[in-house]
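File shown: upload13.pdb (PDB, C-alpha atoms).
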ATOM      1  CA  VAL A   1     116.273 106.719 111.952
ATOM      2  CA  GLN A   2     118.257 103.951 110.309
ATOM      3  CA  LEU A   3     121.846 103.322 111.345
ATOM      4  CA  GLN A   4     124.565 101.550 109.375
ATOM      5  CA  ALA A   5     127.791 100.680 111.164
ATOM      6  CA  SER A   6     130.996  99.863 109.316
ATOM      7  CA  GLY A   7     134.758  99.769 109.725
ATOM      8  CA  GLY A   8     135.225  96.646 111.780
ATOM      9  CA  GLY A   9     137.828  94.037 111.002
ATOM     10  CA  LEU A  10     140.779  92.034 112.222
ATOM     11  CA  VAL A  11     143.676  93.923 113.783
ATOM     12  CA  GLN A  12     146.684  93.026 115.894
ATOM     13  CA  ALA A  13     146.907  94.080 119.502
ATOM     14  CA  GLY A  14     148.205  97.619 119.734
ATOM     15  CA  GLY A  15     146.688  98.546 116.408
ATOM     16  CA  SER A  16     143.905 100.959 115.502
ATOM     17  CA  LEU A  17     140.534 100.937 113.789
ATOM     18  CA  ARG A  18     137.957 103.602 113.068
ATOM     19  CA  LEU A  19     134.315 102.670 113.110
ATOM     20  CA  SER A  20     131.703 104.724 111.320
ATOM     21  CA  CYS A  21     127.956 104.875 111.767
ATOM     22  CA  ALA A  22     125.940 106.521 109.023
ATOM     23  CA  ALA A  23     122.442 107.650 109.913
ATOM     24  CA  SER A  24     119.450 108.430 107.794
ATOM     25  CA  GLY A  25     116.949 111.099 108.729
ATOM     26  CA  ARG A  26     116.935 114.838 109.170
ATOM     27  CA  THR A  27     116.882 114.710 112.980
ATOM     28  CA  PHE A  28     120.297 113.070 113.408
ATOM     29  CA  SER A  29     121.898 116.239 114.706
ATOM     30  CA  SER A  30     119.523 116.364 117.670
ATOM     31  CA  TYR A  31     120.230 112.836 118.896
ATOM     32  CA  VAL A  32     122.677 111.591 121.458
ATOM     33  CA  MET A  33     124.745 108.930 119.721
ATOM     34  CA  GLY A  34     126.360 106.007 121.434
ATOM     35  CA  TRP A  35     128.578 103.030 120.794
ATOM     36  CA  PHE A  36     128.070  99.726 122.562
ATOM     37  CA  ARG A  37     129.753  96.358 122.249
ATOM     38  CA  GLN A  38     128.926  92.748 122.931
ATOM     39  CA  ALA A  39     131.534  90.050 123.330
ATOM     40  CA  PRO A  40     130.616  86.365 122.882
ATOM     41  CA  GLY A  41     128.658  85.079 125.854
ATOM     42  CA  LYS A  42     128.474  88.497 127.480
ATOM     43  CA  GLU A  43     125.932  91.272 127.762
ATOM     44  CA  ARG A  44     125.989  94.368 125.611
ATOM     45  CA  ASP A  45     128.074  97.056 127.297
ATOM     46  CA  PHE A  46     128.289 100.804 126.923
ATOM     47  CA  VAL A  47     131.453 102.090 125.241
ATOM     48  CA  ALA A  48     131.020 105.794 124.518
ATOM     49  CA  LYS A  49     128.462 108.506 123.852
ATOM     50  CA  ILE A  50     128.390 111.995 122.398
ATOM     51  CA  ASN A  51     125.828 114.750 122.684
ATOM     52  CA  TRP A  52     124.177 116.518 119.776
ATOM     53  CA  SER A  53     126.871 119.135 119.303
ATOM     54  CA  GLY A  54     129.861 116.934 119.979
ATOM     55  CA  GLY A  55     130.856 119.069 122.910
ATOM     56  CA  ASN A  56     130.097 116.489 125.555
ATOM     57  CA  THR A  57     131.404 112.937 125.518
ATOM     58  CA  ASP A  58     131.525 110.056 127.960
ATOM     59  CA  TYR A  59     133.438 106.784 127.955
ATOM     60  CA  ALA A  60     133.514 103.469 129.718
ATOM     61  CA  ASP A  61     136.489 103.239 132.053
ATOM     62  CA  SER A  62     137.876 100.346 130.033
ATOM     63  CA  VAL A  63     138.354 102.503 126.913
ATOM     64  CA  LYS A  64     139.204 105.928 128.352
ATOM     65  CA  GLY A  65     142.355 107.321 126.840
ATOM     66  CA  ARG A  66     142.282 104.832 123.964
ATOM     67  CA  PHE A  67     138.963 105.439 122.187
ATOM     68  CA  THR A  68     137.561 108.711 120.863
ATOM     69  CA  ILE A  69     133.991 109.305 119.773
ATOM     70  CA  SER A  70     133.179 112.127 117.368
ATOM     71  CA  ARG A  71     130.434 113.166 114.986
ATOM     72  CA  ASP A  72     129.933 115.083 111.784
ATOM     73  CA  ASN A  73     126.353 116.315 111.679
ATOM     74  CA  ALA A  74     126.756 117.550 108.124
ATOM     75  CA  LYS A  75     127.459 113.960 107.086
ATOM     76  CA  ASN A  76     125.010 112.342 109.528
ATOM     77  CA  THR A  77     127.860 110.189 110.780
ATOM     78  CA  VAL A  78     129.352 109.284 114.133
ATOM     79  CA  TYR A  79     132.807 107.780 114.515
ATOM     80  CA  LEU A  80     134.687 105.714 117.041
ATOM     81  CA  GLN A  81     138.457 105.935 116.761
ATOM     82  CA  MET A  82     139.977 102.983 118.576
ATOM     83  CA  ASN A  83     143.688 103.018 119.378
ATOM     84  CA  SER A  84     145.945 100.710 121.388
ATOM     85  CA  LEU A  85     143.502  97.883 120.857
ATOM     86  CA  LYS A  86     143.580  94.925 123.207
ATOM     87  CA  SER A  87     142.301  91.379 122.817
ATOM     88  CA  GLU A  88     139.548  92.195 125.321
ATOM     89  CA  ASP A  89     138.194  94.790 122.884
ATOM     90  CA  THR A  90     137.090  91.945 120.618
ATOM     91  CA  ALA A  91     133.318  92.225 120.210
ATOM     92  CA  VAL A  92     130.510  93.200 117.906
ATOM     93  CA  TYR A  93     130.209  96.977 118.049
ATOM     94  CA  TYR A  94     126.830  98.669 117.720
ATOM     95  CA  CYS A  95     125.930 102.295 117.242
ATOM     96  CA  ALA A  96     122.719 103.623 118.701
ATOM     97  CA  ALA A  97     120.681 106.817 118.708
ATOM     98  CA  ARG A  98     118.847 108.372 121.654
ATOM     99  CA  PRO A  99     116.222 110.989 120.795
ATOM    100  CA  PRO A 100     115.962 114.222 122.757
ATOM    101  CA  PHE A 101     114.129 113.890 126.093
ATOM    102  CA  SER A 102     114.416 110.100 125.941
ATOM    103  CA  SER A 103     116.285 108.002 128.475
ATOM    104  CA  ALA A 104     116.635 105.094 126.079
ATOM    105  CA  TYR A 105     118.488 104.411 122.870
ATOM    106  CA  LEU A 106     115.636 103.680 120.501
ATOM    107  CA  TYR A 107     117.503 103.057 117.268
ATOM    108  CA  TRP A 108     120.274 100.543 116.716
ATOM    109  CA  GLY A 109     122.603  99.660 113.882
ATOM    110  CA  GLN A 110     123.298  96.127 112.765
ATOM    111  CA  GLY A 111     126.726  95.823 114.395
ATOM    112  CA  THR A 112     130.232  95.467 113.051
ATOM    113  CA  GLN A 113     132.719  92.826 114.201
ATOM    114  CA  VAL A 114     136.031  93.901 115.704
ATOM    115  CA  THR A 115     138.564  91.163 116.341
ATOM    116  CA  VAL A 116     141.876  91.922 118.034
ATOM    117  CA  SER A 117     144.509  89.219 117.821
ATOM    118  CA  SER A 118     147.141  88.954 120.522
TER
END

Starting from the file, lay out its structure as structure tokens.
Amino acid sequence: VQLQASGGGLVQAGGSLRLSCAASGRTFSSYVMGWFRQAPGKERDFVAKINWSGGNTDYADSVKGRFTISRDNAKNTVYLQMNSLKSEDTAVYYCAARPPFSSAYLYWGQGTQVTVSS
């Protein structure tokens, strides 16, 4: 599986962005998909995840109520809608894929930079 993240950019605090992650491969619809982020000098942190059908999602406490993860299996794409952005959301955002019966995300995209100006 190859993942290509896009949609990052510079936005003012309070603004919105939508990230996309396009996946190659016929098994995309069976994978758990996740978004992670890494701010300068910090470790990579979990942001959100979505199960294969889109019926089950989970979020980091820091983004609950502001971010929404979704997927379109017909388009092999997962999205992260980010609203009410804060300066602390500034980071490189990565999408990742976790195969069925695996506890680890085995496939990672290249990352897309999100910068929120205050």

message: Which residues are close to region 83-86 of chain A, i.e. within 8 Å by all atoms listed in the file, leaving aside same-chain residues fewer than 2 positions away? Reply as a ChimeraX atom specification.
response: /A:12-17,66-67,81,88-90,116-118

- request: With all atoms listed in the file counted, which protein, DNA or RNA residues have an atom no more than 9 Å from (124.4, 116.0, 111.2) in the file frame? Please answer as a ChimeraX atom specification.
  value: /A:23,26-30,52,71-78

task: Figure out the distance between CA of Gly41 (chain A) and CA of Thr57 (chain A), please, to one decimal in Å.
output: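 Atom-to-atom, CA of Thr57 (chain A) and CA of Gly41 (chain A) are spaced 28.0 Å apart.
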
message: Report as number ranges by chain all protein, DNA and RNA residues lying within 7 Å of region 94-102 of chain A, evaluated on all atoms listed in the file, omitting residues in the same chain fewer than 4 positions from it.
response: A: 5, 21, 30-37, 106-112

message: What does the structure give for the distance between CA of Tyr93 (chain A) and CA of Val1 (chain A), in Å to one decimal?
response: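 About the pair CA of Tyr93 (chain A) and CA of Val1 (chain A): they are 18.1 Å apart.
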
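We find CA of Arg44 (chain A) and CA of Ser103 (chain A) to be spaced 17.0 Å apart.
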
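Distances to Thr68 (chain A) were evaluated for A:Ala39, A:Leu19, A:Leu10, A:Val92 using only C-alpha atoms, and the minimum falls at A:Leu19.
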
Would you compute an axis-aligned box for region 54-66 of chain A, covering every atom listed for it in the file with 8 Å of margin on each side, and report centre and edge lengths in Å to one decimal as AutoDock Vina command-line options?
--center_x 136.1 --center_y 109.7 --center_z 126.0 --size_x 28.5 --size_y 34.7 --size_z 28.1

message: Residues near Asp58 (chain A), anyone? I mean within 8 Å using all atoms listed in the file, not counting same-chain ones fewer than 6 positions away, as a ChimeraX atom specification.
response: /A:48-50

message: Ranking A:Ser24, A:Val63, A:Val114, A:Asp45 by minimum distance to Ala91 (chain A) and counting only C-alpha atoms, which one comes first?
response: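 Counting only C-alpha atoms, the residue closest to Ala91 (chain A) is A:Val114.
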
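In this comparison, which uses all atoms listed in the file, the residue of A:Gln38, A:Gln4, A:Gly65, A:Gly25 approaching Gln113 (chain A) most closely is A:Gln38.
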